[in-house]
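Reproduced below: entry.txt, with compact mmCIF, C-alpha atoms.
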```txt
# COMPACT_ATOMS: atom_id res chain seq x y z
CA MET A 17 270.78 117.59 180.05
CA PRO A 18 269.98 121.20 181.03
CA GLU A 19 269.68 122.11 177.32
CA ARG A 20 267.14 119.42 176.68
CA SER A 21 264.94 120.46 179.57
CA SER A 22 264.91 124.07 178.45
CA LYS A 23 264.06 122.96 174.91
CA VAL A 24 261.21 120.93 176.32
CA LYS A 25 260.01 123.89 178.38
CA ARG A 26 260.16 126.09 175.28
CA ARG A 27 258.19 123.56 173.28
CA ASP A 28 255.54 123.31 175.95
CA PHE A 29 255.29 127.06 176.19
CA LEU A 30 255.02 127.46 172.43
CA LYS A 31 252.34 124.78 172.30
CA ILE A 32 250.26 126.51 174.96
CA PHE A 33 250.84 129.89 173.42
CA GLY A 34 249.94 128.52 170.00
CA ILE A 35 246.70 127.08 171.31
CA PHE A 36 245.96 130.39 173.00
CA LEU A 37 246.53 132.25 169.73
CA LEU A 38 244.35 129.82 167.81
CA LEU A 39 241.52 130.10 170.31
CA SER A 40 241.67 133.87 170.31
CA PHE A 41 241.62 133.84 166.52
CA ILE A 42 238.56 131.61 166.44
CA GLY A 43 237.00 133.70 169.20
CA SER A 44 237.55 136.90 167.27
CA MET A 45 235.87 135.35 164.24
CA VAL A 46 232.85 134.32 166.24
CA LEU A 47 232.59 137.74 167.91
CA SER A 48 232.75 139.44 164.53
CA LEU A 49 229.23 138.15 163.92
CA PHE A 50 227.91 140.67 166.39
CA ARG A 51 227.30 144.31 165.71
CA LYS A 52 228.79 146.93 167.98
CA CYS A 53 226.70 149.97 167.21
CA LYS A 54 223.37 150.72 165.65
CA ARG A 55 223.10 151.93 162.10
CA GLU A 56 224.37 155.39 161.46
CA ILE A 57 221.91 158.25 161.53
CA VAL A 58 221.00 159.19 157.99
CA GLU A 59 220.43 162.76 157.03
CA ARG A 60 216.84 163.72 157.52
CA GLU A 61 215.32 163.77 154.09
CA ARG A 62 211.81 163.96 152.96
CA MET A 63 209.88 162.47 150.14
CA LYS A 64 206.77 163.83 148.52
CA VAL A 65 203.99 161.31 148.73
CA ALA A 66 200.82 163.12 147.82
CA ASP A 67 199.14 166.23 146.62
CA ILE A 68 196.68 167.67 149.16
CA ASP A 69 193.86 168.02 146.67
CA LEU A 70 194.22 164.43 145.50
CA LEU A 71 194.37 163.28 149.09
CA LYS A 72 191.19 165.14 150.01
CA ARG A 73 189.40 163.67 147.03
CA GLN A 74 190.54 160.10 147.51
CA LYS A 75 190.56 160.05 151.31
CA PHE A 76 193.78 158.03 151.31
CA VAL A 77 196.91 157.55 149.25
CA LYS A 78 199.35 154.65 149.32
CA ALA A 79 203.07 155.06 148.79
CA VAL A 80 206.33 153.22 149.20
CA VAL A 81 208.96 154.89 151.32
CA LYS A 82 212.44 153.33 151.45
CA GLY A 83 210.96 149.99 150.48
CA GLU A 84 208.20 150.15 153.07
CA PRO A 85 204.54 150.48 152.07
CA ILE A 86 202.70 153.29 153.84
CA ILE A 87 199.29 154.88 153.74
CA ILE A 88 198.46 158.56 154.10
CA ILE A 89 194.93 159.02 155.39
CA TYR A 90 192.85 162.19 155.36
CA GLU A 91 190.23 161.96 158.04
CA ARG A 92 188.27 164.78 159.69
CA GLU A 93 190.66 167.50 158.50
CA GLU A 94 193.64 165.53 159.82
CA ILE A 95 196.38 163.97 157.77
CA LEU A 96 198.10 160.91 159.15
CA ALA A 97 200.85 158.71 157.69
CA LEU A 98 200.91 155.12 158.89
CA SER A 99 203.26 152.28 158.11
CA LEU A 100 201.50 149.33 156.53
CA THR A 101 203.92 146.83 158.03
CA CYS A 102 202.07 144.70 160.55
CA PRO A 103 203.91 144.69 163.92
CA HIS A 104 203.07 140.98 164.35
CA ARG A 105 204.98 139.15 161.60
CA GLY A 106 205.79 141.93 159.17
CA CYS A 107 203.09 141.27 156.58
CA VAL A 108 201.66 144.11 154.49
CA VAL A 109 198.41 145.36 155.99
CA SER A 110 195.56 145.47 153.50
CA THR A 111 193.74 148.69 152.67
CA ASP A 112 190.68 147.04 151.16
CA ASN A 113 188.47 148.14 154.04
CA VAL A 114 189.52 151.74 154.56
CA ASP A 115 186.04 152.97 153.65
CA LYS A 116 184.67 150.67 156.35
CA GLY A 117 186.97 152.35 158.82
CA PHE A 118 189.62 149.76 159.50
CA LEU A 119 192.83 148.22 158.18
CA GLU A 120 193.31 144.48 158.30
CA CYS A 121 196.36 142.30 158.07
CA PRO A 122 195.66 139.40 155.68
CA CYS A 123 198.19 137.04 157.24
CA HIS A 124 196.82 136.53 160.76
CA GLY A 125 193.81 138.82 160.99
CA SER A 126 195.04 141.76 163.06
CA LYS A 127 192.77 144.81 162.74
CA PHE A 128 193.68 148.48 163.14
CA ASP A 129 191.57 151.63 163.05
CA LEU A 130 192.33 154.57 160.78
CA LYS A 131 194.55 156.13 163.42
CA GLY A 132 196.69 153.00 163.44
CA LYS A 133 195.47 151.88 166.81
CA ARG A 134 195.31 148.14 167.34
CA LEU A 135 191.72 146.88 167.54
CA GLU A 136 192.04 143.10 167.69
CA GLY A 137 194.26 140.26 166.63
CA PRO A 138 197.78 138.99 167.32
CA SER A 139 199.54 142.30 166.79
CA PRO A 140 201.19 143.46 170.01
CA GLU A 141 201.34 147.14 169.00
CA ASP A 142 199.68 149.89 166.99
CA LEU A 143 200.81 150.70 163.47
CA ARG A 144 203.87 152.90 163.34
CA LYS A 145 203.24 156.55 162.58
CA LEU A 146 205.49 158.49 160.23
CA GLU A 147 206.23 162.18 160.49
CA ILE A 148 204.82 164.36 157.77
CA GLU A 149 205.35 167.89 156.64
CA ILE A 150 202.90 169.91 154.63
CA GLU A 151 204.18 172.67 152.42
CA LYS A 152 201.62 174.51 150.36
CA LYS A 153 199.86 171.81 148.43
CA ASP A 154 202.35 168.99 148.91
CA VAL A 155 202.50 166.35 151.58
CA TYR A 156 205.93 165.05 152.48
CA VAL A 157 206.95 162.10 154.57
CA LEU A 158 210.11 162.50 156.61
CA LEU A 159 212.51 159.62 156.07
CA MET B 10 200.54 94.93 168.71
CA PHE B 11 202.01 98.02 167.17
CA MET B 12 205.56 96.85 167.77
CA PHE B 13 204.78 93.44 166.27
CA PHE B 14 203.52 95.01 163.07
CA TYR B 15 206.42 97.39 163.12
CA ARG B 16 209.01 94.67 163.50
CA PHE B 17 207.38 92.68 160.73
CA LEU B 18 207.72 95.62 158.38
CA HIS B 19 211.31 96.25 159.34
CA GLY B 20 212.42 92.67 159.75
CA ASP B 21 215.19 91.25 157.65
CA ARG B 22 212.80 88.92 155.91
CA ASN B 23 210.74 91.71 154.47
CA ILE B 24 212.79 92.25 151.35
CA ILE B 25 210.27 94.32 149.45
CA TYR B 26 210.14 96.90 152.20
CA GLN B 27 213.91 97.03 152.39
CA ARG B 28 214.12 97.56 148.66
CA LEU B 29 211.55 100.35 148.77
CA ILE B 30 213.55 102.11 151.44
CA LYS B 31 216.67 101.80 149.33
CA ILE B 32 214.86 103.14 146.28
CA LEU B 33 213.73 106.15 148.30
CA GLU B 34 217.28 106.77 149.43
CA LEU B 35 218.51 106.67 145.85
CA PHE B 36 215.78 109.10 144.94
CA ILE B 37 216.91 111.54 147.60
CA ILE B 38 220.52 111.37 146.44
CA THR B 39 219.58 111.82 142.79
CA ASN B 40 217.39 114.76 143.73
CA ALA B 41 220.25 116.35 145.65
CA PHE B 42 222.50 116.18 142.63
CA MET B 43 219.87 117.65 140.36
CA LEU B 44 219.42 120.54 142.75
CA PHE B 45 223.14 121.04 142.88
CA PHE B 46 223.59 121.12 139.12
CA SER B 47 220.54 123.24 138.34
CA GLY B 48 221.77 125.60 141.04
CA ILE B 49 225.15 125.96 139.40
CA PHE B 50 223.60 127.02 136.14
CA LEU B 51 221.18 129.38 137.83
CA SER B 52 224.09 131.02 139.62
CA MET B 53 225.58 131.92 136.24
CA TRP B 54 222.86 134.51 135.78
CA TYR B 55 221.61 135.40 139.23
CA GLN B 56 222.52 138.78 140.73
CA PRO B 57 222.61 138.85 144.57
CA SER B 58 221.86 142.53 145.18
CA PRO B 59 218.46 144.01 146.05
CA GLU B 60 218.55 146.29 143.02
CA ARG B 61 219.04 143.46 140.57
CA ALA B 62 217.90 140.21 142.18
CA TYR B 63 214.30 140.26 141.04
CA GLN B 64 215.19 141.42 137.55
CA SER B 65 217.81 138.69 137.24
CA VAL B 66 215.30 135.98 138.15
CA TYR B 67 212.88 137.49 135.64
CA PHE B 68 215.70 137.45 133.12
CA ILE B 69 216.47 133.79 133.78
CA LYS B 70 212.81 132.92 133.44
CA ASN B 71 212.22 134.73 130.16
CA CYS B 72 215.48 135.47 128.39
CA ILE B 73 217.59 132.36 128.67
CA TYR B 74 217.07 129.07 126.88
CA PHE B 75 215.68 126.60 129.40
CA GLY B 76 215.82 129.24 132.11
CA ASP B 77 212.19 128.62 132.99
CA PHE B 78 212.88 124.89 133.06
CA LEU B 79 215.88 125.30 135.37
CA LEU B 80 213.88 127.43 137.78
CA SER B 81 210.98 124.99 137.77
CA LEU B 82 213.31 122.06 138.33
CA HIS B 83 215.14 123.81 141.12
CA ARG B 84 211.99 124.78 142.96
CA LEU B 85 210.02 121.57 142.46
CA SER B 86 213.00 119.42 143.40
CA THR B 87 213.39 121.30 146.67
CA HIS B 88 209.91 120.44 147.82
CA ILE B 89 210.07 116.83 146.65
CA PHE B 90 213.47 116.57 148.30
CA ILE B 91 212.25 117.67 151.71
CA ALA B 92 209.11 115.53 151.48
CA ALA B 93 211.21 112.48 150.59
CA MET B 94 213.57 113.19 153.48
CA ILE B 95 210.70 113.34 155.94
CA ILE B 96 209.25 110.05 154.68
CA HIS B 97 212.74 108.56 154.81
CA MET B 98 213.09 109.68 158.41
CA LEU B 99 209.78 108.08 159.37
CA VAL B 100 210.52 104.72 157.77
CA THR B 101 214.09 104.34 158.97
CA LEU B 102 213.42 105.27 162.57
CA PRO B 103 214.45 102.01 164.24
CA HIS B 104 217.44 101.33 162.00
CA GLY B 105 220.67 103.06 161.84
CA SER B 106 223.18 104.10 164.37
CA ARG B 107 223.08 107.20 166.50
CA LYS B 108 225.49 108.81 164.06
CA GLN B 109 223.15 108.16 161.16
CA TRP B 110 220.15 109.59 162.95
CA ILE B 111 221.87 112.77 164.12
CA SER B 112 223.57 113.39 160.78
CA GLY B 113 220.23 112.68 159.12
CA ILE B 114 218.39 115.22 161.27
CA PHE B 115 221.00 117.86 160.53
CA LEU B 116 220.72 116.99 156.85
CA LEU B 117 217.00 117.72 157.09
CA TYR B 118 217.74 121.03 158.82
CA THR B 119 220.29 121.86 156.13
CA ALA B 120 217.71 121.17 153.45
CA ILE B 121 215.23 123.45 155.21
CA LEU B 122 217.89 126.16 155.48
CA PHE B 123 218.53 125.73 151.77
CA LEU B 124 214.85 126.36 151.18
CA TYR B 125 214.81 129.32 153.56
CA THR B 126 217.86 131.05 152.09
CA GLY B 127 216.70 130.27 148.58
CA TYR B 128 213.29 131.84 149.24
CA LEU B 129 214.84 135.23 149.83
CA LEU B 130 217.02 135.13 146.75
CA ARG B 131 214.28 135.87 144.30
CA TRP B 132 213.57 139.09 146.21
CA ASP B 133 209.87 139.03 145.40
CA PHE B 134 206.96 139.82 147.68
CA GLU B 135 206.27 136.24 148.72
CA GLY B 136 209.90 135.32 149.35
CA TYR B 137 210.70 138.52 151.24
CA HIS B 138 207.71 138.30 153.54
CA SER B 139 208.00 134.57 154.15
CA VAL B 140 211.58 134.99 155.30
CA LYS B 141 210.64 138.02 157.36
CA ALA B 142 207.73 136.32 159.09
CA ALA B 143 209.82 133.27 159.96
CA ALA B 144 212.61 135.47 161.35
CA LEU B 145 210.13 137.42 163.46
CA ILE B 146 208.65 134.21 164.80
CA VAL B 147 212.09 133.09 165.93
CA GLY B 148 212.78 136.58 167.21
CA ASP B 149 209.88 136.32 169.63
CA VAL B 150 211.44 133.39 171.48
CA PRO B 151 212.26 134.56 175.00
CA LEU B 152 215.90 135.18 175.95
CA VAL B 153 217.71 133.95 172.85
CA GLY B 154 215.24 134.92 170.12
CA GLU B 155 216.43 138.47 169.39
CA THR B 156 220.06 137.38 169.23
CA ILE B 157 219.36 134.50 166.87
CA LYS B 158 217.25 136.75 164.67
CA ASN B 159 219.97 139.39 164.47
CA ILE B 160 222.54 136.79 163.53
CA ILE B 161 220.34 135.24 160.84
CA LEU B 162 219.25 138.52 159.26
CA SER B 163 222.53 140.37 159.81
CA GLY B 164 220.60 143.08 161.57
CA ASP B 165 217.11 143.96 162.66
CA ASP B 166 215.44 143.84 159.28
CA ILE B 167 216.01 142.36 155.84
CA THR B 168 218.54 144.43 153.93
CA TYR B 169 221.15 144.14 151.19
CA LEU B 170 223.39 142.55 153.82
CA THR B 171 220.85 139.80 154.50
CA LEU B 172 220.55 139.01 150.81
CA SER B 173 224.24 138.72 150.15
CA ARG B 174 224.79 136.66 153.27
CA PHE B 175 221.94 134.33 152.39
CA TYR B 176 223.37 133.90 148.90
CA PHE B 177 226.72 132.94 150.34
CA TYR B 178 225.11 130.44 152.73
CA HIS B 179 223.05 129.01 149.90
CA ILE B 180 225.84 128.44 147.39
CA PHE B 181 228.79 127.72 149.64
CA ILE B 182 228.32 127.07 153.37
CA LEU B 183 225.20 124.92 153.11
CA PRO B 184 226.51 122.74 150.25
CA LEU B 185 229.73 122.16 152.21
CA LEU B 186 227.74 121.25 155.28
CA PHE B 187 225.50 119.03 153.22
CA PHE B 188 228.33 117.07 151.65
CA ALA B 189 230.12 116.68 154.95
CA LEU B 190 226.97 115.33 156.60
CA ILE B 191 226.07 113.05 153.68
CA ASN B 192 229.50 111.52 153.92
CA VAL B 193 228.89 110.57 157.53
CA HIS B 194 225.32 109.57 156.92
CA ILE B 195 225.64 107.03 154.12
CA LYS B 196 229.03 105.63 154.91
CA THR B 197 227.73 102.57 156.75
CA THR B 198 224.88 101.76 154.39
CA TYR B 199 226.59 102.43 151.10
CA LYS B 200 230.09 101.32 151.99
CA ASN B 201 230.43 98.94 149.09
CA ALA B 202 227.92 100.42 146.73
CA ALA B 203 228.76 101.44 143.22
CA VAL B 204 226.70 103.88 141.23
CA LYS B 205 226.64 101.60 138.21
CA ASP B 206 224.60 99.01 140.09
CA ASP B 207 221.66 101.36 140.34
CA LEU B 208 222.02 103.39 137.16
CA GLY B 209 218.68 102.23 135.82
CA ILE B 210 216.75 103.53 138.79
CA ILE B 211 218.80 106.73 138.93
CA PHE B 212 218.07 107.51 135.28
CA ALA B 213 214.41 106.76 135.86
CA PHE B 214 214.38 109.26 138.71
CA ILE B 215 216.21 111.87 136.66
CA GLY B 216 213.62 111.38 133.97
CA PHE B 217 210.79 111.65 136.46
CA ILE B 218 212.13 114.87 137.94
CA ILE B 219 212.70 116.41 134.51
CA PHE B 220 209.23 115.40 133.37
CA SER B 221 207.60 116.87 136.48
CA SER B 222 209.58 120.07 136.10
CA VAL B 223 208.40 120.51 132.56
CA LEU B 224 204.82 120.28 133.76
CA TYR B 225 205.37 122.54 136.75
CA LYS B 226 205.14 126.27 136.13
CA TYR B 227 207.51 128.50 138.05
CA ASN B 228 205.68 131.51 139.39
CA LEU B 229 207.65 134.63 140.14
CA GLY B 230 205.67 136.76 142.57
CA ASP B 231 205.17 140.50 142.40
CA GLU B 232 207.98 142.86 143.17
CA ILE B 233 208.22 143.67 146.84
CA ALA B 234 206.90 147.21 146.53
CA GLU B 235 203.89 146.12 144.55
CA GLY B 236 202.79 142.92 146.19
CA GLN B 237 199.92 142.56 148.57
CA GLY B 238 197.85 139.94 150.30
CA LYS B 239 198.37 136.98 152.49
CA VAL B 240 201.69 135.23 152.66
CA ALA B 241 201.59 131.68 153.93
CA PRO B 242 204.60 129.50 154.70
CA PRO B 243 205.58 126.51 152.55
CA TRP B 244 203.76 123.26 153.28
CA MET B 245 206.26 121.89 155.81
CA PHE B 246 205.55 124.83 158.11
CA LEU B 247 201.79 125.14 157.75
CA TRP B 248 201.45 123.65 161.22
CA ALA B 249 203.44 126.57 162.64
CA TYR B 250 201.11 128.95 160.81
CA THR B 251 198.10 127.31 162.48
CA ILE B 252 199.68 127.68 165.89
CA ASP B 253 200.76 131.27 165.27
CA TYR B 254 197.38 132.28 163.90
CA THR B 255 195.27 130.63 166.57
CA LEU B 256 197.35 131.61 169.57
CA GLY B 257 197.92 135.14 168.27
CA ASN B 258 194.22 135.69 167.91
CA ILE B 259 193.63 134.49 171.46
CA SER B 260 196.13 136.98 172.83
CA PRO B 261 199.24 138.83 171.63
CA GLU B 262 200.94 137.67 174.83
CA LEU B 263 201.14 134.20 173.29
CA ASN B 264 203.12 135.29 170.23
CA PHE B 265 206.32 133.88 171.72
CA PHE B 266 204.99 130.34 171.72
CA THR B 267 205.32 129.43 168.04
CA GLY B 268 209.03 130.14 167.91
CA THR B 269 209.58 128.39 171.21
CA ILE B 270 207.85 125.27 169.97
CA ILE B 271 209.91 125.27 166.78
CA VAL B 272 213.18 125.59 168.67
CA PHE B 273 212.08 122.94 171.13
CA LEU B 274 211.17 120.45 168.39
CA ALA B 275 214.38 121.18 166.53
CA ILE B 276 216.41 120.32 169.61
CA TYR B 277 214.18 117.40 170.58
CA PHE B 278 214.64 115.60 167.26
CA VAL B 279 218.40 115.75 167.57
CA PHE B 280 218.37 114.03 170.95
CA VAL B 281 216.06 111.18 169.98
CA PRO B 282 218.79 108.50 170.07
CA TYR B 283 219.69 109.50 173.63
CA LEU B 284 216.06 109.53 174.64
CA LYS B 285 215.78 106.02 173.21
CA LYS B 286 218.32 104.88 175.76
CA ILE B 287 216.45 106.45 178.63
CA PHE B 288 212.85 105.76 177.73
CA GLY B 289 213.17 102.76 175.47
CA GLU B 290 212.82 102.48 171.74
CA ARG B 291 209.08 101.91 171.69
CA ALA B 292 208.08 105.02 173.62
CA VAL B 293 210.28 107.29 171.58
CA ILE B 294 209.17 105.90 168.23
CA ILE B 295 205.51 106.17 169.15
CA THR B 296 206.06 109.75 170.37
CA LEU B 297 207.69 110.65 167.07
CA TYR B 298 204.83 109.25 165.05
CA VAL B 299 202.33 111.04 167.28
CA ILE B 300 204.18 114.34 166.79
CA PHE B 301 204.14 113.74 163.06
CA ILE B 302 200.39 113.05 163.06
CA VAL B 303 199.65 116.12 165.19
CA LEU B 304 201.72 118.36 162.93
CA SER B 305 199.99 116.90 159.88
CA ILE B 306 196.57 117.60 161.34
CA LEU B 307 197.57 121.18 162.17
CA SER B 308 198.93 121.59 158.64
CA LEU B 309 195.72 120.22 157.15
CA TYR B 310 193.70 122.66 159.23
CA SER B 311 195.82 125.49 157.92
CA PHE B 312 195.51 124.28 154.38
CA LEU B 313 191.73 124.01 154.54
CA PHE B 314 190.77 127.05 156.56
CA LEU B 315 193.53 129.57 156.67
CA ILE B 316 194.89 129.76 153.17
```
Do you think you could lay out the structure here as structure tokens?
Amino acid sequence: MPERSSKVKRRDFLKIFGIFLLLSFIGSMVLSLFRKCKREIVERERMKVADIDLLKRQKFVKAVVKGEPIIIIYEREEILALSLTCPHRGCVVSTDNVDKGFLECPCHGSKFDLKGKRLEGPSPEDLRKLEIEIEKKDVYVLL
Amino acid sequence: MFMFFYRFLHGDRNIIYQRLIKILELFIITNAFMLFFSGIFLSMWYQPSPERAYQSVYFIKNCIYFGDFLLSLHRLSTHIFIAAMIIHMLVTLPHGSRKQWISGIFLLYTAILFLYTGYLLRWDFEGYHSVKAAALIVGDVPLVGETIKNIILSGDDITYLTLSRFYFYHIFILPLLFFALINVHIKTTYKNAAVKDDLGIIFAFIGFIIFSSVLYKYNLGDEIAEGQGKVAPPWMFLWAYTIDYTLGNISPELNFFTGTIIVFLAIYFVFVPYLKKIFGERAVIITLYVIFIVLSILSLYSFLFLI
């Protein structure tokens, strides 16, 4: 009789422990969907995007930096690099109206001026600015 | 008056209507199998990495016998599939058990997820930005939006990780889910059915889908770095585009609303059978039809004025 009861207790314990192990296993799988830390910091590199003379002639140059379209604008002796990703829903902002003084997102109509500042439309923010470096005649965008 | 007409249509004596519903169901099943098989052969050549995805789709389109045809079939079938499912949902509203309705709704969601994950796979401008815009819309939902977006995209933005995960969902998880749900969904209706009874219709549908695919031209968009212009969602989400566009232009503060409405509707449809118990069949069915009409009007507005 005493043997049987201890076997039963062992079985119960193993069952509970087994369920606990199973739940923690499933829990660990679910938690593994979540990231713990942000992406690692990449070495600061730079990429040449334009030649100053070309930029001064054309007023603006478009480039693609790490998959993202950007525009480098030369306005009143100032060079500015703006991301062409619309902060609203990520569409590519159109540069068809740069000579009219604004950039417009074709998806939902957000408008930005040539400094990237939001003028009207659904975008909640200005266009992102990128850091640039000018060395002699070359314009570089810092990645 | 409405319910009288409704019951007449759905009554047991209306054999023609019943047959039409069954034909539509057969069409949906045939379509699913064609998608499945064309997908298998596409996966023989597709490369799920950002460096090669676009090129591999281009390769399938131009360098394989019937590659263009397979792509056309796969894409066209998807849209016909979802349209047929929506019509099926509208005409079978009063029938079916709770189990059938809920499994049916999740089947529709699975089909939409198939479309969503498949859109990204070609890694072209249109696919990339459609997926991105939809993820950002969901990301704007208060409280849970950011978390859901990070789970879907495997991160904050679309990367190589998103692509490979979407590919895995598309060819493994979603088909498994689909077959599990279909099993539950058609068990009661097709308990004693045999495929050979309906072979004629099934072959006719296969022929119809093949014929349409031959006529339909598969367009591969520009590469992501080179594309430009407006990106609009596929037809079943044009209504969301209307809402997003209109509200966003009123004020950026309202950007959260589109995603919230989508999540709300997604949850609402699942609970329809329970709402039937509380509010009665008639109210719930009328509400569903009204929602459908409103969404159609919004989609039409989008189609006419925004695209």
Legend entry - Residues within 12 Å of Lys75 in chain A, all atoms listed in the file, excluding chain neighbours under 4 positions, as a PyMOL selection string: chain A and resi 66-71+87-96+111+114-115+117+130
Inset, instruction - Could you tell me how far CA of Ser99 in chain A lies from CA of Arg144 in chain A, in Å and to one decimal? - result: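 Those two atoms sit 5.3 Å apart.
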Inset, instruction - Pick out the residues sitting within 9 Å of Phe123 in chain B, and hand them over as a list in words; count all atoms listed in the file, and ignore anything fewer than 4 positions along from it in its own chain. - result: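 Answer for this query is Thr87, Tyr118, Thr119, Gly127, Tyr128, Tyr178, His179, Ile180, Leu183 and Pro184 of chain B.
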Legend entry - CA of Ser52 in chain B to CA of Ser112 in chain B, straight-line distance in Å: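 Atom-to-atom, CA of Ser112 in chain B to CA of Ser52 in chain B, that is 27.5 Å.
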Inset, instruction - Would you give me, as a PyMOL selection string, the residues of chain A that come within 9 Å of chain B, using all atoms listed in the file? - result: chain A and resi 49-51+80+83-85+104-110+121-126+136-141
Inset, instruction - Could you jot down the CA of Thr296 in chain B to CA of Arg107 in chain B separation for me, Å, one decimal place? - result: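 Computing it gives 17.6 Å between the two atoms.
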Legend entry - Selection near range 66-81 of chain B, 8 Å with only C-alpha atoms, sequence-local residues under 4 positions removed, as number ranges by chain: B: 47, 50-51, 54-55, 62, 85, 131, 222-223, 225-227, 229
Inset, instruction - Extract, using all atoms listed in the file, all DNA, RNA and protein residues at most 9 Å from Ile215 in chain B, discarding same-chain residues fewer than 4 positions from it, and format them as a ChimeraX atom specification. - result: /B:36,39-40,43,210-211,219-220
